[in-house]
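> Please see the structure below; I have some questions.
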Amino acid sequence: MNDQAAQPLLSVRNVSKSFGGVQALRDGSFDLHRGEVLAIVGSNGAGKSTLIKVVAGAHVPDGGRIVIDGKEVPRAEHSVSHMQERGIEVVYQDLALVPNMTAPYNLFLGRIPRKLGIFVDERKMRSKTREVLAQLNVTTVQDLSKPISSMSGGQQQSIAIGRAIAWGSDIVILDEPTAALGPNETAEVERLVEDVRERHGTSFILISHNLDQVRRLADRIVVTHHGVTSREFRRDEITSDRLVKAITLGE
Amino acid sequence: MTETAASRPLLTPERVEMLRDFVPFIAISLVILMFWAISGDRFMSVRNWTFIAQQTPVLMLLAFAQLMVVTTGSIDISIGSNLAFSAFLGALGMLWFGDAGLILGVLAGGLVGMFNGLIISLLKIPSFVTTLAMLIIVRAVVIIVSDGTAIYITDGSVSGGTNISSVAAPWLLSMGKFPAIFILAAVVALFTWVFYERTVFGQQLRAVGGNEKVLRLVGINVTVFKIKVFAAAGLMVGLAACVNLARAGAATPQAGLMIELDAIAAVALGGTPLTGGYGSVVKTIIGALTLTIVRNGLTIAGVPPSWSQVALGILLIAAIAISLNRSKVDVVK
């Protein structure tokens with residue numbers, strides 16, 4: 001446990017979840033503090049994805065508690081929209097973009113601004129998109145009328161991250177943000193994360209298989225093993241050896 | 001532009017892409033030129049084009065209904081039966097409540113559409129199967145309700161025998177003629193364009209066709225949305241049924257047989273992939289017009305009806321082979 005005096009922004013306690021008799025997550029617990037990057041690592045099937053989906057509201061946990069800003073999330077409010085209202089956004093591994101739609105549409109997904117109640121406010125969408133891209137220092141996205149499937153992987157990634165930060169969210173969950181990207185684009189995404197954290201004080205939860213990336217970005221690392229969050233490291237006590245041992249052996 | 005094809009290919013990928021966008025327009029131009037060349041003034045006459053302007057609207061409205069559904073990646077093959085059902089209820093409505101009873105026809109169409117949507121969304125049965133079943137059921141219901149007889153719309157001057165149902169509504173019959181039918185079609189087309197291209201609902205049609213899972217992930221209620229889509233398409237079919245009632249002057253149990261296939265063909269001729277995610281109202285209008293013109297032109301040229309059906313089928317395959325952008329379609333099934 002951390003001894004910080006400030007109460008954590010997000011506190012996950014003993015969360016469990018099973019799917020049709022298979023217990024994907026037995027006991028997930030961690031704290032996330034304001035402005036910190038917390039990495040969750042573990043081998044495939046260790047429960048990382050289930051854990052973050054519970055936090056994001058995509059799964060309702062079987063047991064345990066989630067406390068945000070000192071307030072426990074009631075059972076009925078374990079949904080994506082309720083978690084969004086509480087400032088939690090997710091950048092999914094497959095980016096969760098609608099491929100045939102434009103960058104502005106994807107940025108505003110689920111929040112399309114209206115004119116006269118029924119019309120799409122295209123102008124507002126475009127100007128906000130430019131604003132967000134400028135915030136992210138992304139200059140490569142020029143044509144906002146093209147479907148997003150015609151853009152590069154890095155550009156799509158920046159739209160997905162832009163969607164997560166555009167609405168002033170406090171917590172952004174990054175699920176394998178660079179698994180599908182090349183080295184240049186990976187560096188670009190890492191720069192984005194550092195930048196957003198510095199400028200907006202956003203907290204990140206990072207799920208990654210790339211241990212070098214984890215060591216570059218994370219302040220703390222939580223290791224999941226067989227559905228349990230078994231170990232926790234601070235940045236200065238991490239060596240690759242200890243991390244690999246924790247991931248593979250649980251200790 | 002004067003360079004030879006060898007030094008610089010005329011069909012660069014960008015140009016092919018641009019060309020694809022124009023296929024419906026090129027196709028209709030070629031079709032018009034061809035029939036003009038074959039039949040001359042018999043095709044290119046005010047009289048014939050007036051006829052085409054009267055003939056296209058019903059198909060165009062049905063194609064609009066189909067376009068909405070197809071854009072979401074579903075299909076509605078029940079619209080022919082729905083047309084007969086809605087027209088019959090519209091005529092019944094007029095028998096019971098007078099002129100305003102025609103609205104019952106539009107509402108009936110919406111009801112059938114909503115029923116489609118409910119079955120598809122709540123029972124999770126694919127739209128093709130659901131609407132195939134509804135195609136059969138609704139047609140049967142029309143035959144049962146009508147007892148196999150028609151309701152006629154008359155101009156009031158003739159009165160049929162005592163056991164023939166008829167409604168005197170000269171205004172409706174004149175709605176079925178040029179120019180009223182043309183103006184009505186233009187107004188509906190304009191509304192549909194605004195609805196499809198500019199509203200949040202229209203945009204969501206394309207998004208659902210693109211990646212339904214993502215919309216669910218961000219908390220959009222796709223289930224309810226799909227019910228609305230099928231209901232909206234049904235309302236459009238109901239409107240088409242009223243127009244058809246005006247054109248045909250009767251609600252018959254056989255109305256709209258096989259017309260669902262024409263509506264799908266019109267949408268496809270308009271370059272809309274049946275896999276969803278993309279679509280165009282303007283090109284769907286062109287598609288409906290092309291279909292009508294080809295049928296009309298072949299008749300004038302003296303081609304027997306069965307052969308003109310063969311020609312239409314070939315045209316459909318050719319148009320889609322050229323216009324379908326395979327890079328936008330992952331899997332062809």
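Chain lettering (A, B, ...) mirrors the order of the structure tokens, residue numbering begins at 1 for each chain separately, and ligand numbering begins at 1 in order of display.
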Can you pull out the residues contacting stretch 79-85 of chain A? Cut-off 8 Å, using only C-alpha atoms, and skip same-chain residues under 6 positions away; I want them as a PyMOL selection string.

(chain A and resi 55-60+169) or (chain B and resi 217-219)

> So which residues touch stretch 170-185 of chain B within 12 Å, counting only C-alpha atoms, skipping near sequence neighbours fewer than 6 positions away, as JSON, numbers by chain?

{"B": [46, 47, 48, 49, 50, 51, 52, 53, 54, 55, 56, 57, 58, 59, 60, 61, 62, 64, 90, 91, 94, 98, 99, 100, 102, 152, 153, 154, 155, 156, 157, 158, 191, 192, 236, 239, 240, 241, 242, 243, 244, 245, 246, 247, 248, 249, 250, 285]}

> Hey, can you check how far atom CA of B:Leu19 sits from atom CA of B:Ala65?

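Straight-line distance from atom CA of B:Leu19 to atom CA of B:Ala65 works out to 26.6 Å.
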
> Could you build a table of the residues in chain A lying no more than 8 Å from chain B, giving for each the nearest pair of atoms and their separation in Å rounded to one decimal place, using only C-alpha atoms, ordered by chain and ascending residue number, as JSON lines?


```
{"residue": "A:Ala58", "atom": "CA", "partner": "B:Leu217", "partner_atom": "CA", "distance": 7.3}
{"residue": "A:Val80", "atom": "CA", "partner": "B:Gly219", "partner_atom": "CA", "distance": 6.2}
{"residue": "A:Ser81", "atom": "CA", "partner": "B:Gly219", "partner_atom": "CA", "distance": 6.1}
{"residue": "A:Ala96", "atom": "CA", "partner": "B:Val214", "partner_atom": "CA", "distance": 5.3}
{"residue": "A:Leu97", "atom": "CA", "partner": "B:Val214", "partner_atom": "CA", "distance": 6.6}
{"residue": "A:Val98", "atom": "CA", "partner": "B:Asn211", "partner_atom": "CA", "distance": 5.3}
{"residue": "A:Pro99", "atom": "CA", "partner": "B:Gly210", "partner_atom": "CA", "distance": 6.2}
{"residue": "A:Asn100", "atom": "CA", "partner": "B:Gly210", "partner_atom": "CA", "distance": 5.6}
{"residue": "A:Met101", "atom": "CA", "partner": "B:Ala207", "partner_atom": "CA", "distance": 6.6}
{"residue": "A:Leu109", "atom": "CA", "partner": "B:Val218", "partner_atom": "CA", "distance": 7.3}
{"residue": "A:Gly110", "atom": "CA", "partner": "B:Val218", "partner_atom": "CA", "distance": 6.1}
{"residue": "A:Ile112", "atom": "CA", "partner": "B:Val200", "partner_atom": "CA", "distance": 7.3}
{"residue": "A:Arg114", "atom": "CA", "partner": "B:Val200", "partner_atom": "CA", "distance": 7.3}
{"residue": "A:Ile118", "atom": "CA", "partner": "B:Thr199", "partner_atom": "CA", "distance": 5.5}
{"residue": "A:Phe119", "atom": "CA", "partner": "B:Thr199", "partner_atom": "CA", "distance": 4.1}
{"residue": "A:Val120", "atom": "CA", "partner": "B:Val200", "partner_atom": "CA", "distance": 5.2}
```

> For the strand (DSSP E or B) assignment from backbone DSSP, which residues of stretch 98-223 of chain A qualify? Please present them as a PyMOL selection string.

chain A and resi 102+114-115+119-120+147+171-175+203-207+220-223

> Contacts of stretch 127-136 of chain A at 12 Å or less, counting only C-alpha atoms, minus same-chain residues fewer than 3 places along, as a PyMOL selection string?

chain A and resi 102-109+112-113+121-124+139-145+155-168+188-200

> Could the residues in this selection be written to a file with N, CA and C atoms, as a short mmCIF file (atom, residue, chain, number, x, y, z; two decimals), in the first residue's frame?


```
data_model
loop_
_atom_site.label_atom_id
_atom_site.label_comp_id
_atom_site.auth_asym_id
_atom_site.auth_seq_id
_atom_site.Cartn_x
_atom_site.Cartn_y
_atom_site.Cartn_z
N THR A 102 -15.76 10.01 -40.21
CA THR A 102 -14.65 10.96 -40.20
C THR A 102 -13.98 11.04 -38.82
N ALA A 103 -12.84 11.72 -38.78
CA ALA A 103 -12.16 11.96 -37.50
C ALA A 103 -13.05 12.73 -36.53
N PRO A 104 -13.70 13.83 -36.97
CA PRO A 104 -14.57 14.54 -36.02
C PRO A 104 -15.68 13.64 -35.46
N TYR A 105 -16.28 12.81 -36.31
CA TYR A 105 -17.34 11.94 -35.81
C TYR A 105 -16.81 11.02 -34.72
N ASN A 106 -15.64 10.45 -34.98
CA ASN A 106 -15.08 9.51 -34.01
C ASN A 106 -14.69 10.20 -32.71
N LEU A 107 -14.23 11.44 -32.84
CA LEU A 107 -13.87 12.20 -31.64
C LEU A 107 -15.13 12.48 -30.79
N PHE A 108 -16.23 12.73 -31.47
CA PHE A 108 -17.48 13.08 -30.78
C PHE A 108 -18.39 11.88 -30.56
N LEU A 109 -17.88 10.68 -30.80
CA LEU A 109 -18.71 9.48 -30.72
C LEU A 109 -19.51 9.44 -29.42
N ILE A 112 -22.43 13.59 -30.09
CA ILE A 112 -22.60 14.43 -31.29
C ILE A 112 -23.37 15.70 -30.93
N PRO A 113 -22.77 16.88 -31.22
CA PRO A 113 -23.47 18.14 -30.93
C PRO A 113 -24.59 18.38 -31.95
N ASP A 121 -24.10 19.39 -35.82
CA ASP A 121 -23.37 20.66 -35.83
C ASP A 121 -21.94 20.40 -36.33
N GLU A 122 -21.81 20.29 -37.66
CA GLU A 122 -20.53 19.94 -38.28
C GLU A 122 -19.44 20.96 -37.93
N ARG A 123 -19.80 22.23 -37.94
CA ARG A 123 -18.80 23.27 -37.74
C ARG A 123 -18.15 23.13 -36.36
N LYS A 124 -19.00 22.94 -35.37
CA LYS A 124 -18.51 22.77 -34.00
C LYS A 124 -17.59 21.55 -33.91
N THR A 139 0.01 17.23 -36.35
CA THR A 139 -0.15 18.12 -37.50
C THR A 139 -0.41 17.34 -38.79
N THR A 140 -0.38 16.00 -38.68
CA THR A 140 -0.45 15.21 -39.91
C THR A 140 -1.88 15.00 -40.39
N VAL A 141 -2.86 15.21 -39.51
CA VAL A 141 -4.25 15.02 -39.94
C VAL A 141 -4.75 16.32 -40.56
N GLN A 142 -4.95 16.31 -41.87
CA GLN A 142 -5.35 17.54 -42.56
C GLN A 142 -6.80 17.52 -42.98
N ASP A 143 -7.17 16.48 -43.73
CA ASP A 143 -8.51 16.43 -44.31
C ASP A 143 -9.49 15.78 -43.34
N LEU A 144 -10.37 16.60 -42.76
CA LEU A 144 -11.28 16.08 -41.74
C LEU A 144 -12.55 15.47 -42.35
N SER A 145 -12.65 15.47 -43.69
CA SER A 145 -13.87 14.91 -44.29
C SER A 145 -13.66 13.47 -44.75
N GLN A 155 -2.17 8.10 -36.82
CA GLN A 155 -3.21 9.14 -36.85
C GLN A 155 -4.49 8.64 -36.18
N GLN A 156 -4.84 7.38 -36.49
CA GLN A 156 -6.03 6.80 -35.86
C GLN A 156 -5.85 6.75 -34.35
N GLN A 157 -4.65 6.37 -33.93
CA GLN A 157 -4.36 6.29 -32.50
C GLN A 157 -4.51 7.67 -31.84
N SER A 158 -4.04 8.71 -32.55
CA SER A 158 -4.12 10.04 -31.95
C SER A 158 -5.58 10.50 -31.83
N ILE A 159 -6.42 10.08 -32.78
CA ILE A 159 -7.85 10.41 -32.66
C ILE A 159 -8.46 9.67 -31.47
N ALA A 160 -8.06 8.40 -31.32
CA ALA A 160 -8.59 7.60 -30.20
C ALA A 160 -8.17 8.21 -28.87
N ILE A 161 -6.91 8.66 -28.78
CA ILE A 161 -6.46 9.29 -27.54
C ILE A 161 -7.11 10.65 -27.37
N GLY A 162 -7.23 11.38 -28.49
CA GLY A 162 -7.90 12.68 -28.46
C GLY A 162 -9.31 12.57 -27.89
N ARG A 163 -10.01 11.50 -28.30
CA ARG A 163 -11.38 11.28 -27.80
C ARG A 163 -11.38 11.11 -26.28
N ALA A 164 -10.34 10.46 -25.78
CA ALA A 164 -10.30 10.21 -24.34
C ALA A 164 -9.98 11.46 -23.54
N ILE A 165 -9.18 12.36 -24.11
CA ILE A 165 -8.78 13.54 -23.32
C ILE A 165 -9.61 14.79 -23.62
N ALA A 166 -10.39 14.74 -24.73
CA ALA A 166 -11.05 15.97 -25.20
C ALA A 166 -12.11 16.47 -24.23
N TRP A 167 -12.59 15.62 -23.35
CA TRP A 167 -13.74 15.99 -22.53
C TRP A 167 -13.36 16.22 -21.08
N GLY A 168 -12.09 16.53 -20.89
CA GLY A 168 -11.63 16.89 -19.55
C GLY A 168 -11.69 15.74 -18.57
N GLU A 188 5.71 8.46 -30.77
CA GLU A 188 4.76 9.56 -30.88
C GLU A 188 3.66 9.43 -29.81
N VAL A 189 3.15 8.23 -29.66
CA VAL A 189 2.08 8.02 -28.68
C VAL A 189 2.61 8.24 -27.26
N GLU A 190 3.83 7.77 -27.00
CA GLU A 190 4.41 7.98 -25.67
C GLU A 190 4.61 9.46 -25.38
N ARG A 191 5.01 10.20 -26.40
CA ARG A 191 5.15 11.64 -26.24
C ARG A 191 3.79 12.27 -25.89
N LEU A 192 2.74 11.81 -26.59
CA LEU A 192 1.39 12.31 -26.32
C LEU A 192 0.99 12.11 -24.87
N VAL A 193 1.26 10.91 -24.37
CA VAL A 193 0.87 10.57 -22.99
C VAL A 193 1.59 11.49 -22.00
N GLU A 194 2.90 11.63 -22.17
CA GLU A 194 3.70 12.48 -21.28
C GLU A 194 3.19 13.92 -21.32
N ASP A 195 2.91 14.36 -22.54
CA ASP A 195 2.47 15.71 -22.79
C ASP A 195 1.13 16.01 -22.09
N VAL A 196 0.19 15.10 -22.29
CA VAL A 196 -1.14 15.30 -21.73
C VAL A 196 -1.08 15.28 -20.21
N ARG A 197 -0.28 14.39 -19.68
CA ARG A 197 -0.16 14.31 -18.24
C ARG A 197 0.42 15.60 -17.67
N GLU A 198 1.47 16.09 -18.32
CA GLU A 198 2.12 17.30 -17.84
C GLU A 198 1.18 18.49 -17.90
N ARG A 199 0.48 18.60 -19.02
CA ARG A 199 -0.33 19.80 -19.24
C ARG A 199 -1.67 19.78 -18.51
N HIS A 200 -2.30 18.60 -18.46
CA HIS A 200 -3.65 18.55 -17.88
C HIS A 200 -3.70 17.84 -16.54
#
```

> Using only C-alpha atoms, which of A:Arg126, A:Arg220, A:His78, A:Arg215 sits nearest A:Leu32?

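Smallest distance to A:Leu32 is found for A:Arg220.
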
> Could you work out how far atom CA of B:Glu14 lies from atom CA of B:Thr72, giving the answer in Å with one decimal?

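Here the two named atoms are 27.1 Å from each other.
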
> Find the residue from B:Val229, B:Asn116, B:Val282, B:Ser306 that sits nearest to B:Leu190; use only C-alpha atoms when measuring.

B:Val282

> In Å to one decimal, how far is atom CA of B:Ile79 from atom CA of B:Val106?

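Between atom CA of B:Val106 and atom CA of B:Ile79 the gap works out to 12.8 Å.
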
> Just the helix (DSSP H, G or I) stuff from stretch 74-202 of chain B, please, per backbone DSSP, written as a PyMOL selection string.

chain B and resi 79-97+99-122+127-146+170-175+180-198+200-202

> Might you pull out every residue within 12 Å of A:Arg231, with only C-alpha atoms counted and same-chain residues fewer than 4 positions away left off, and present them as a list in words?

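The contact residues come out as Met1, Gly28, Ser29, Phe30, Ala39, Ile40, Val41, Gly42, Arg220, Ile221, Val222, Val223, Thr224, His225, Ile238, Arg242, Leu243, Val244, Lys245, Ala246, Ile247, Thr248, Leu249, Gly250 and Glu251 of chain A.
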
> Given only C-alpha atoms as the basis, pick out the residue of A:Leu25, A:Ala187, A:Leu9, A:Ile173 nearest to A:Gly70.

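Among the listed residues, A:Leu9 lies closest to A:Gly70.
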
> If we count only C-alpha atoms, what is near A:Arg75 at a cut-off of 10 Å, once residues fewer than 5 positions away on the same chain are taken out, given as a VMD selection string?

chain A and resid 60 to 63 65 to 66
